[in-house]
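Enquirer: Structure in structure tokens, see below.
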Amino acid sequence: METRELTCIRCPIGCHITVELDNGEVKSISGNSCPRGEEYAASEVTHPERIVTSLVTLEGGERPVVSVKTAGNVPKEKMMDVVGALKEVSARAPVNIGDVIVKDIAGTGVDIVATSAVPAK
Ligand code: SF4
């Protein structure tokens with residue numbers, strides 16, 4: 001039996017969660033205050049995923065960059081691929097919040113969307 005101690009990152013409360021595993025299979029989850037914590041803990045010990053946030057170069061805008069994030073979680077092991085792919089990307093102003101900047105970033109099936117608005121110069 002293996003015990004993993006986690007801090008839930010699904011909300012600012014940060015519940016301390018204990019997961020008991022047997023041969024990689026989740027046997028029990030405790031310490032979470034809501035179902036989101038249980039979902040997070042189960043995913044974290046079997047297939048961890050994250051939202052990636054970054055900046056993308058912007059042409060013709062009032063600012064030279066625009067903030068972006070993945071529209072959903074990507075596998076943790078693909079995070080550096082996503083960050084690397086974003087270094088090669090540039091967008092064109094104007095950009096609005098929620099605009100898709102890159103489709104299917106790094107083959108993850110997840111889009112990159114703008115998290116701020118930047119008007120054209
Ligand atoms: S278990 Fe629920 S209440 Fe606790 S940190 Fe996670 S989301 Fe927040």
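Labels used: A, B, ... for chains in the order of the structure tokens, numbers from 1 for residues in each chain, and numbers from 1 for ligands as shown.
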What are the DSSP strand (DSSP E) residues of segment 20-73 of chain A, as a list in words?

Expert: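 Here is the list: Glu20, Leu21, Asp22, Glu25, Val26, Lys27, Ser28, Ile29, Ser30, Glu49, Arg50, Thr53, Ser54, Leu55, Val56, Thr57, Leu58, Glu59, Val65, Val66, Ser67, Val68, Lys69 and Thr70 of chain A.
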
Enquirer: Using DSSP on the backbone coordinates, identify the residues of segment 78-107 of chain A assigned to helix (DSSP H, G or I); present them as an mmCIF file with N, CA, C and O atoms, in the first residue's frame.

Expert:
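Final output, saved to result.cif:
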```cif
data_model
loop_
_atom_site.group_PDB
_atom_site.id
_atom_site.type_symbol
_atom_site.label_atom_id
_atom_site.label_comp_id
_atom_site.auth_asym_id
_atom_site.auth_seq_id
_atom_site.Cartn_x
_atom_site.Cartn_y
_atom_site.Cartn_z
ATOM 1 N N LYS A 78 3.136 17.014 -21.011
ATOM 2 C CA LYS A 78 3.135 17.783 -22.263
ATOM 3 C C LYS A 78 3.305 19.282 -22.017
ATOM 4 O O LYS A 78 3.344 20.076 -22.975
ATOM 5 N N MET A 79 3.411 19.694 -20.768
ATOM 6 C CA MET A 79 3.458 21.134 -20.471
ATOM 7 C C MET A 79 4.629 21.826 -21.152
ATOM 8 O O MET A 79 4.478 22.917 -21.711
ATOM 9 N N MET A 80 5.809 21.214 -21.123
ATOM 10 C CA MET A 80 6.977 21.868 -21.727
ATOM 11 C C MET A 80 6.855 21.906 -23.245
ATOM 12 O O MET A 80 7.345 22.838 -23.882
ATOM 13 N N ASP A 81 6.191 20.918 -23.836
ATOM 14 C CA ASP A 81 5.928 20.952 -25.281
ATOM 15 C C ASP A 81 5.041 22.149 -25.615
ATOM 16 O O ASP A 81 5.239 22.836 -26.621
ATOM 17 N N VAL A 82 4.043 22.381 -24.778
ATOM 18 C CA VAL A 82 3.125 23.507 -25.003
ATOM 19 C C VAL A 82 3.884 24.831 -24.875
ATOM 20 O O VAL A 82 3.772 25.717 -25.737
ATOM 21 N N VAL A 83 4.683 24.950 -23.816
ATOM 22 C CA VAL A 83 5.452 26.185 -23.614
ATOM 23 C C VAL A 83 6.408 26.411 -24.787
ATOM 24 O O VAL A 83 6.542 27.529 -25.302
ATOM 25 N N GLY A 84 7.062 25.346 -25.243
ATOM 26 C CA GLY A 84 7.986 25.464 -26.371
ATOM 27 C C GLY A 84 7.276 25.879 -27.645
ATOM 28 O O GLY A 84 7.767 26.743 -28.388
ATOM 29 N N ALA A 85 6.115 25.297 -27.911
ATOM 30 C CA ALA A 85 5.350 25.635 -29.115
ATOM 31 C C ALA A 85 4.897 27.093 -29.069
ATOM 32 O O ALA A 85 4.872 27.782 -30.098
ATOM 33 N N LEU A 86 4.565 27.581 -27.881
ATOM 34 C CA LEU A 86 4.092 28.966 -27.765
ATOM 35 C C LEU A 86 5.192 29.974 -28.077
ATOM 36 O O LEU A 86 4.910 31.100 -28.496
ATOM 37 N N LYS A 87 6.442 29.590 -27.891
ATOM 38 C CA LYS A 87 7.551 30.505 -28.201
ATOM 39 C C LYS A 87 7.617 30.794 -29.698
ATOM 40 O O LYS A 87 8.182 31.795 -30.119
ATOM 41 N N ILE A 105 -2.755 22.888 -29.635
ATOM 42 C CA ILE A 105 -1.349 23.202 -29.333
ATOM 43 C C ILE A 105 -0.558 21.922 -29.039
ATOM 44 O O ILE A 105 -0.987 21.073 -28.242
ATOM 45 N N ALA A 106 0.561 21.770 -29.707
ATOM 46 C CA ALA A 106 1.499 20.654 -29.499
ATOM 47 C C ALA A 106 0.816 19.291 -29.577
ATOM 48 O O ALA A 106 1.216 18.351 -28.884
ATOM 49 N N GLY A 107 -0.226 19.206 -30.398
ATOM 50 C CA GLY A 107 -0.900 17.918 -30.585
ATOM 51 C C GLY A 107 -1.659 17.426 -29.368
ATOM 52 O O GLY A 107 -1.962 16.235 -29.256
#
```

Enquirer: Please tabulate, as a tab-separated table, the residues of chain A that come within 10 Å of ligand 1, each with its closest pair of atoms and the distance in Å to one decimal, counting only C-alpha atoms and all ligand atoms and ordering rows by chain, then residue number upward.

Expert:
```
residue	atom	partner	partner_atom_place_in_ligand_line	distance
A:Thr7	CA	ligand 1	5 (S)	7.3
A:Cys8	CA	ligand 1	6 (Fe)	4.6
A:Ile9	CA	ligand 1	5 (S)	5.9
A:Arg10	CA	ligand 1	7 (S)	4.4
A:Cys11	CA	ligand 1	8 (Fe)	4.2
A:Pro12	CA	ligand 1	5 (S)	6.1
A:Ile13	CA	ligand 1	5 (S)	4.6
A:Gly14	CA	ligand 1	5 (S)	3.8
A:Cys15	CA	ligand 1	4 (Fe)	4.2
A:His16	CA	ligand 1	4 (Fe)	7.6
A:Ile17	CA	ligand 1	1 (S)	7.7
A:Ser30	CA	ligand 1	1 (S)	9.4
A:Gly31	CA	ligand 1	1 (S)	7.4
A:Asn32	CA	ligand 1	1 (S)	4.0
A:Ser33	CA	ligand 1	1 (S)	4.4
A:Cys34	CA	ligand 1	2 (Fe)	4.1
A:Pro35	CA	ligand 1	2 (Fe)	6.3
A:Arg36	CA	ligand 1	7 (S)	4.9
A:Gly37	CA	ligand 1	1 (S)	3.4
A:Glu38	CA	ligand 1	1 (S)	6.7
A:Glu39	CA	ligand 1	1 (S)	8.7
A:Tyr40	CA	ligand 1	6 (Fe)	7.4
A:Ala41	CA	ligand 1	1 (S)	8.8
```

Enquirer: Name all residues at most 8 Å from Val100 of chain A (count only C-alpha atoms; drop same-chain ones fewer than 6 positions away) and give them as a PyMOL selection string.

Expert: chain A and resi 111-114

Enquirer: What gap, in Å, lies between atom CA of Ala120 of chain A and atom CA of Lys103 of chain A?

Expert: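 Atom-to-atom, atom CA of Ala120 of chain A and atom CA of Lys103 of chain A are spaced 22.1 Å apart.
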
Enquirer: Which residues are close to Leu21 of chain A, i.e. within 9 Å by only C-alpha atoms, leaving aside same-chain residues fewer than 6 positions away? Reply as a ChimeraX atom specification.

Expert: /A:1-4,27-28,45

Enquirer: Excluding same-chain residues fewer than 6 positions from Val66 of chain A, what lies within 12 Å of it counting only C-alpha atoms, as number ranges by chain?

Expert: A: 53-60, 86, 89-101, 112-120
